[in-house]
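Structure file input-v9.cif with mmCIF, C-alpha atoms:
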data_query
#
loop_
_atom_site.group_PDB
_atom_site.id
_atom_site.type_symbol
_atom_site.label_atom_id
_atom_site.label_comp_id
_atom_site.auth_asym_id
_atom_site.auth_seq_id
_atom_site.Cartn_x
_atom_site.Cartn_y
_atom_site.Cartn_z
ATOM 1 C CA MET A 1 -7.432 -12.924 2.733
ATOM 2 C CA PRO A 2 -6.487 -16.567 3.183
ATOM 3 C CA LEU A 3 -8.213 -19.561 1.641
ATOM 4 C CA LEU A 4 -10.095 -21.317 4.465
ATOM 5 C CA VAL A 5 -11.082 -24.958 4.480
ATOM 6 C CA CYS A 6 -13.064 -26.083 7.511
ATOM 7 C CA SER A 7 -14.050 -29.630 8.457
ATOM 8 C CA ALA A 8 -16.203 -28.599 11.470
ATOM 9 C CA GLN A 9 -19.392 -29.882 9.863
ATOM 10 C CA HIS A 10 -21.536 -29.309 12.958
ATOM 11 C CA CYS A 11 -20.844 -25.556 12.830
ATOM 12 C CA VAL A 12 -23.766 -23.417 11.707
ATOM 13 C CA TYR A 13 -21.451 -21.392 9.459
ATOM 14 C CA ASN A 14 -20.044 -24.426 7.582
ATOM 15 C CA THR A 15 -21.422 -25.120 4.118
ATOM 16 C CA GLY A 16 -19.466 -27.553 1.962
ATOM 17 C CA MET A 17 -16.223 -27.008 3.937
ATOM 18 C CA TYR A 18 -16.433 -23.217 3.516
ATOM 19 C CA CYS A 19 -17.398 -20.587 6.099
ATOM 20 C CA GLY A 20 -20.397 -18.285 5.820
ATOM 21 C CA LYS A 21 -19.511 -16.089 8.811
ATOM 22 C CA GLY A 22 -17.356 -13.589 6.901
ATOM 23 C CA ASP A 23 -14.556 -13.555 9.470
ATOM 24 C CA ILE A 24 -13.367 -15.859 12.235
ATOM 25 C CA LEU A 25 -11.249 -15.701 15.366
ATOM 26 C CA VAL A 26 -8.671 -18.388 16.080
ATOM 27 C CA GLU A 27 -7.684 -18.429 19.742
ATOM 28 C CA GLY A 28 -4.536 -19.819 21.287
ATOM 29 C CA ASP A 29 -2.882 -17.117 23.360
ATOM 30 C CA HIS A 30 -0.192 -19.464 24.698
ATOM 31 C CA ALA A 31 -0.362 -22.141 21.980
ATOM 32 C CA GLN A 32 2.809 -24.034 21.200
ATOM 33 C CA LYS A 33 1.110 -26.581 18.897
ATOM 34 C CA ALA A 34 -2.045 -26.806 16.771
ATOM 35 C CA CYS A 35 -4.076 -28.734 19.363
ATOM 36 C CA GLU A 36 -3.775 -25.735 21.700
ATOM 37 C CA THR A 37 -5.715 -23.509 19.261
ATOM 38 C CA CYS A 38 -9.437 -23.356 18.459
ATOM 39 C CA CYS A 39 -11.898 -21.524 16.243
ATOM 40 C CA SER A 40 -13.770 -19.481 18.828
ATOM 41 C CA SER A 41 -16.268 -18.441 16.127
ATOM 42 C CA PHE A 42 -17.642 -22.017 16.042
ATOM 43 C CA LYS A 43 -21.381 -22.234 16.805
ATOM 44 C CA GLU A 44 -23.116 -25.600 16.856
ATOM 45 C CA ARG A 45 -25.941 -26.131 14.352
ATOM 46 C CA GLY A 46 -29.483 -26.117 15.632
ATOM 47 C CA THR A 47 -29.944 -22.520 16.750
ATOM 48 C CA GLU A 48 -32.376 -21.029 14.229
ATOM 49 C CA SER A 49 -31.632 -17.419 15.232
ATOM 50 C CA VAL A 50 -27.956 -17.873 14.399
ATOM 51 C CA LYS A 51 -28.666 -19.893 11.259
ATOM 52 C CA SER A 52 -30.777 -17.117 9.763
ATOM 53 C CA SER A 53 -27.882 -14.653 10.094
ATOM 54 C CA VAL A 54 -25.351 -16.783 8.208
ATOM 55 C CA GLY A 55 -23.908 -15.183 5.084
ATOM 56 C CA THR A 56 -22.811 -16.741 1.816
ATOM 57 C CA PRO A 57 -20.031 -19.324 2.215
ATOM 58 C CA SER A 58 -16.705 -18.127 0.846
ATOM 59 C CA GLN A 59 -13.364 -19.739 0.046
ATOM 60 C CA THR A 60 -11.489 -16.715 1.388
ATOM 61 C CA ILE A 61 -12.091 -15.173 4.776
ATOM 62 C CA LYS A 62 -10.555 -12.709 7.246
ATOM 63 C CA VAL A 63 -8.906 -14.575 10.110
ATOM 64 C CA ASP A 64 -8.022 -12.803 13.345
ATOM 65 C CA CYS A 65 -5.753 -14.835 15.592
ATOM 66 C CA THR A 66 -4.476 -14.646 19.166
ATOM 67 C CA ALA A 67 -1.862 -17.423 18.672
ATOM 68 C CA CYS A 68 1.023 -14.965 18.674
ATOM 69 C CA ASP A 69 3.678 -17.720 18.606
ATOM 70 C CA CYS A 70 2.495 -18.901 15.184
ATOM 71 C CA GLN A 71 4.725 -18.015 12.236
ATOM 72 C CA TYR A 72 1.658 -16.833 10.274
ATOM 73 C CA ASN A 73 0.483 -14.386 12.944
ATOM 74 C CA GLU A 74 1.181 -10.772 12.082
ATOM 75 C CA GLU A 75 -0.293 -8.264 14.513
ATOM 76 C CA LYS A 76 -3.052 -10.748 15.498
ATOM 77 C CA GLU A 77 -4.079 -11.460 11.911
ATOM 78 C CA CYS A 78 -3.329 -14.661 9.989
ATOM 79 C CA THR A 79 -1.136 -14.274 6.908
ATOM 80 C CA ALA A 80 -1.115 -17.922 5.741
ATOM 81 C CA GLU A 81 -2.209 -18.467 2.158
ATOM 82 C CA ARG A 82 -4.395 -21.408 3.236
ATOM 83 C CA ILE A 83 -5.893 -22.205 6.617
ATOM 84 C CA ASP A 84 -7.318 -25.548 7.699
ATOM 85 C CA ILE A 85 -9.708 -25.623 10.641
ATOM 86 C CA SER A 86 -10.200 -29.212 11.755
ATOM 87 C CA GLY A 87 -12.842 -30.721 13.990
ATOM 88 C CA ALA A 88 -15.147 -32.885 11.861
ATOM 89 C CA SER A 89 -17.128 -34.106 14.866
ATOM 90 C CA ALA A 90 -16.761 -30.940 16.996
ATOM 91 C CA CYS A 91 -19.769 -29.809 19.022
ATOM 92 C CA ARG A 92 -17.900 -27.026 20.867
ATOM 93 C CA CYS A 93 -15.228 -24.565 19.775
ATOM 94 C CA GLU A 94 -12.678 -26.275 22.055
ATOM 95 C CA GLN A 95 -12.976 -29.370 19.846
ATOM 96 C CA THR A 96 -11.706 -27.475 16.787
ATOM 97 C CA GLU A 97 -8.153 -26.452 15.967
ATOM 98 C CA CYS A 98 -6.164 -24.524 13.423
ATOM 99 C CA SER A 99 -4.210 -27.290 11.712
ATOM 100 C CA THR A 100 -2.152 -24.637 9.909
ATOM 101 C CA PHE A 101 -0.528 -23.459 13.172
ATOM 102 C CA GLU A 102 3.278 -23.527 12.954
ATOM 103 C CA LYS A 103 5.334 -22.480 15.961
ATOM 104 C CA ASP A 104 7.468 -19.446 15.197
#
Rewrite the coordinates I just gave you, this time as structure tokens.
Amino acid sequence: MPLLVCSAQHCVYNTGMYCGKGDILVEGDHAQKACETCCSSFKERGTESVKSSVGTPSQTIKVDCTACDCQYNEEKECTAERIDISGASACRCEQTECSTFEKD
């Protein structure tokens, strides 16, 4: 599993730049560059029902990905050693992106 660093600080799963969800989905079916991807697992902080279901933050995480034109995508799973999800001020998943995306 890749090392994940996430700057989406308004996401309920983000604790100290790590993700407590356990797995994420990066979307970008027709992405040709990083800004055309997003972390569709992003959920804005403030929803207590979601917050109570958050697991322990981890440095490594399973990353499913629909950005099939990315060089790290192998059968819709990310194979990069390190993944950076950016979106420090994101309030919606569309405001995040996979900064690791590299066109194949």
Please identify all polymer residues lying at most 7 Å from the point (-13.3, -16.8, 1.0) (file coordinates), using all atoms listed in the file, and present the result as a ChimeraX atom specification.
/A:3-4,58-61
Go through the shown structure with the PyMOL selection byres ((chain A and resi 88) around 8) and write out the matching residues as a PDB file with C-alpha atoms, in the frame of the given file.
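selection_38.pdb was written with the following content:
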ATOM      1  CA  SER A   7     -14.050 -29.630   8.457  1.00  0.00           C
ATOM      2  CA  ALA A   8     -16.203 -28.599  11.470  1.00  0.00           C
ATOM      3  CA  GLN A   9     -19.392 -29.882   9.863  1.00  0.00           C
ATOM      4  CA  HIS A  10     -21.536 -29.309  12.958  1.00  0.00           C
ATOM      5  CA  SER A  86     -10.200 -29.212  11.755  1.00  0.00           C
ATOM      6  CA  GLY A  87     -12.842 -30.721  13.990  1.00  0.00           C
ATOM      7  CA  SER A  89     -17.128 -34.106  14.866  1.00  0.00           C
ATOM      8  CA  ALA A  90     -16.761 -30.940  16.996  1.00  0.00           C
TER       9      ALA A  90
END
Considering all atoms listed in the file, return as a list in words whatever protein or nucleic-acid residues lie within 12 Å of A:Cys35, sequence-local ones (same chain, fewer than 2 positions apart) excluded.
Val26, Glu27, Gly28, His30, Ala31, Gln32, Lys33, Thr37, Cys38, Cys39, Ala67, Ile85, Ser86, Gly87, Cys93, Glu94, Gln95, Thr96, Glu97, Cys98, Ser99, Thr100, Phe101, Glu102 and Lys103 of chain A
Kindly give the distance, in Å, that separates atom CA of A:Ile24 and atom CA of A:Glu77, rounded to a single decimal.
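Atom CA of A:Glu77 lies at a distance of 10.3 Å from atom CA of A:Ile24.
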Between atom CA of A:Cys6 and atom CA of A:Cys68, what is the spacing in Å?
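Separation of atom CA of A:Cys68 and atom CA of A:Cys6: 21.1 Å.
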Set the distance at 6 Å and use all atoms listed in the file: which residues neighbour A:Glu44 once local chain neighbours fewer than 6 positions away are removed? I'd like the list as a list in words.
His10, Cys11, Val12 and Cys91 of chain A
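Here atom CA of A:Glu74 and atom CA of A:Asp23 stand 16.2 Å from one another.
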Using all atoms listed in the file: which of A:Asn73, A:Thr56, A:Asn14, A:Thr79 has the shortest distance to A:Lys43:
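Checking each of A:Asn73, A:Thr56, A:Asn14, A:Thr79 against A:Lys43, counting all atoms listed in the file, the winner is A:Asn14.
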Residue completion, stretch 56-67 of chain A, all heavy atoms, as a PDB file, in the frame of the given file:
ATOM      1  N   THR A  56     -23.168 -15.832   2.900  1.00  0.00           N
ATOM      2  CA  THR A  56     -22.811 -16.741   1.816  1.00  0.00           C
ATOM      3  C   THR A  56     -21.444 -17.356   2.090  1.00  0.00           C
ATOM      4  O   THR A  56     -20.495 -16.633   2.378  1.00  0.00           O
ATOM      5  CB  THR A  56     -22.775 -15.975   0.481  1.00  0.00           C
ATOM      6  OG1 THR A  56     -24.038 -15.340   0.294  1.00  0.00           O
ATOM      7  CG2 THR A  56     -22.475 -16.900  -0.675  1.00  0.00           C
ATOM      8  N   PRO A  57     -21.333 -18.685   1.996  1.00  0.00           N
ATOM      9  CA  PRO A  57     -20.031 -19.324   2.215  1.00  0.00           C
ATOM     10  C   PRO A  57     -18.998 -18.815   1.217  1.00  0.00           C
ATOM     11  O   PRO A  57     -19.319 -18.553   0.061  1.00  0.00           O
ATOM     12  CB  PRO A  57     -20.311 -20.808   1.973  1.00  0.00           C
ATOM     13  CG  PRO A  57     -21.772 -20.964   2.044  1.00  0.00           C
ATOM     14  CD  PRO A  57     -22.373 -19.651   1.690  1.00  0.00           C
ATOM     15  N   SER A  58     -17.770 -18.663   1.685  1.00  0.00           N
ATOM     16  CA  SER A  58     -16.705 -18.127   0.846  1.00  0.00           C
ATOM     17  C   SER A  58     -15.437 -18.952   1.016  1.00  0.00           C
ATOM     18  O   SER A  58     -15.175 -19.466   2.103  1.00  0.00           O
ATOM     19  CB  SER A  58     -16.423 -16.674   1.239  1.00  0.00           C
ATOM     20  OG  SER A  58     -15.375 -16.147   0.472  1.00  0.00           O
ATOM     21  N   GLN A  59     -14.641 -19.046  -0.039  1.00  0.00           N
ATOM     22  CA  GLN A  59     -13.364 -19.739   0.046  1.00  0.00           C
ATOM     23  C   GLN A  59     -12.323 -18.901   0.775  1.00  0.00           C
ATOM     24  O   GLN A  59     -11.416 -19.439   1.384  1.00  0.00           O
ATOM     25  CB  GLN A  59     -12.842 -20.070  -1.351  1.00  0.00           C
ATOM     26  CG  GLN A  59     -13.616 -21.139  -2.055  1.00  0.00           C
ATOM     27  CD  GLN A  59     -12.999 -21.456  -3.405  1.00  0.00           C
ATOM     28  OE1 GLN A  59     -12.450 -20.588  -4.071  1.00  0.00           O
ATOM     29  NE2 GLN A  59     -13.097 -22.707  -3.807  1.00  0.00           N
ATOM     30  N   THR A  60     -12.438 -17.590   0.703  1.00  0.00           N
ATOM     31  CA  THR A  60     -11.489 -16.715   1.388  1.00  0.00           C
ATOM     32  C   THR A  60     -12.205 -15.992   2.516  1.00  0.00           C
ATOM     33  O   THR A  60     -13.392 -15.679   2.422  1.00  0.00           O
ATOM     34  CB  THR A  60     -10.861 -15.687   0.427  1.00  0.00           C
ATOM     35  OG1 THR A  60     -11.898 -14.931  -0.184  1.00  0.00           O
ATOM     36  CG2 THR A  60     -10.016 -16.374  -0.630  1.00  0.00           C
ATOM     37  N   ILE A  61     -11.476 -15.734   3.577  1.00  0.00           N
ATOM     38  CA  ILE A  61     -12.091 -15.173   4.776  1.00  0.00           C
ATOM     39  C   ILE A  61     -11.027 -14.439   5.598  1.00  0.00           C
ATOM     40  O   ILE A  61      -9.851 -14.792   5.569  1.00  0.00           O
ATOM     41  CB  ILE A  61     -12.758 -16.307   5.588  1.00  0.00           C
ATOM     42  CG1 ILE A  61     -13.649 -15.768   6.690  1.00  0.00           C
ATOM     43  CG2 ILE A  61     -11.729 -17.277   6.126  1.00  0.00           C
ATOM     44  CD1 ILE A  61     -14.545 -16.823   7.301  1.00  0.00           C
ATOM     45  N   LYS A  62     -11.456 -13.428   6.337  1.00  0.00           N
ATOM     46  CA  LYS A  62     -10.555 -12.709   7.246  1.00  0.00           C
ATOM     47  C   LYS A  62     -10.401 -13.552   8.513  1.00  0.00           C
ATOM     48  O   LYS A  62     -11.394 -14.009   9.081  1.00  0.00           O
ATOM     49  CB  LYS A  62     -11.136 -11.345   7.585  1.00  0.00           C
ATOM     50  CG  LYS A  62     -10.240 -10.513   8.493  1.00  0.00           C
ATOM     51  CD  LYS A  62     -10.858  -9.151   8.743  1.00  0.00           C
ATOM     52  CE  LYS A  62     -10.004  -8.228   9.542  1.00  0.00           C
ATOM     53  NZ  LYS A  62      -9.331  -8.713  10.687  1.00  0.00           N
ATOM     54  N   VAL A  63      -9.173 -13.753   8.928  1.00  0.00           N
ATOM     55  CA  VAL A  63      -8.906 -14.575  10.110  1.00  0.00           C
ATOM     56  C   VAL A  63      -8.088 -13.773  11.112  1.00  0.00           C
ATOM     57  O   VAL A  63      -6.920 -13.480  10.880  1.00  0.00           O
ATOM     58  CB  VAL A  63      -8.161 -15.878   9.742  1.00  0.00           C
ATOM     59  CG1 VAL A  63      -7.889 -16.709  10.992  1.00  0.00           C
ATOM     60  CG2 VAL A  63      -8.963 -16.679   8.726  1.00  0.00           C
ATOM     61  N   ASP A  64      -8.736 -13.408  12.222  1.00  0.00           N
ATOM     62  CA  ASP A  64      -8.022 -12.803  13.345  1.00  0.00           C
ATOM     63  C   ASP A  64      -7.506 -13.940  14.207  1.00  0.00           C
ATOM     64  O   ASP A  64      -8.123 -15.008  14.276  1.00  0.00           O
ATOM     65  CB  ASP A  64      -8.947 -11.890  14.141  1.00  0.00           C
ATOM     66  CG  ASP A  64      -9.369 -10.660  13.350  1.00  0.00           C
ATOM     67  OD1 ASP A  64      -8.533 -10.104  12.617  1.00  0.00           O
ATOM     68  OD2 ASP A  64     -10.538 -10.260  13.466  1.00  0.00           O
ATOM     69  N   CYS A  65      -6.381 -13.733  14.872  1.00  0.00           N
ATOM     70  CA  CYS A  65      -5.753 -14.835  15.592  1.00  0.00           C
ATOM     71  C   CYS A  65      -4.994 -14.331  16.815  1.00  0.00           C
ATOM     72  O   CYS A  65      -4.233 -13.367  16.722  1.00  0.00           O
ATOM     73  CB  CYS A  65      -4.802 -15.564  14.646  1.00  0.00           C
ATOM     74  SG  CYS A  65      -3.982 -16.968  15.399  1.00  0.00           S
ATOM     75  N   THR A  66      -5.198 -15.018  17.948  1.00  0.00           N
ATOM     76  CA  THR A  66      -4.476 -14.646  19.166  1.00  0.00           C
ATOM     77  C   THR A  66      -3.274 -15.555  19.428  1.00  0.00           C
ATOM     78  O   THR A  66      -2.603 -15.396  20.434  1.00  0.00           O
ATOM     79  CB  THR A  66      -5.406 -14.666  20.398  1.00  0.00           C
ATOM     80  OG1 THR A  66      -5.821 -16.010  20.661  1.00  0.00           O
ATOM     81  CG2 THR A  66      -6.607 -13.754  20.207  1.00  0.00           C
ATOM     82  N   ALA A  67      -3.009 -16.520  18.525  1.00  0.00           N
ATOM     83  CA  ALA A  67      -1.862 -17.423  18.672  1.00  0.00           C
ATOM     84  C   ALA A  67      -0.600 -16.707  18.194  1.00  0.00           C
ATOM     85  O   ALA A  67      -0.110 -16.916  17.092  1.00  0.00           O
ATOM     86  CB  ALA A  67      -2.102 -18.712  17.888  1.00  0.00           C
TER      87      ALA A  67
END
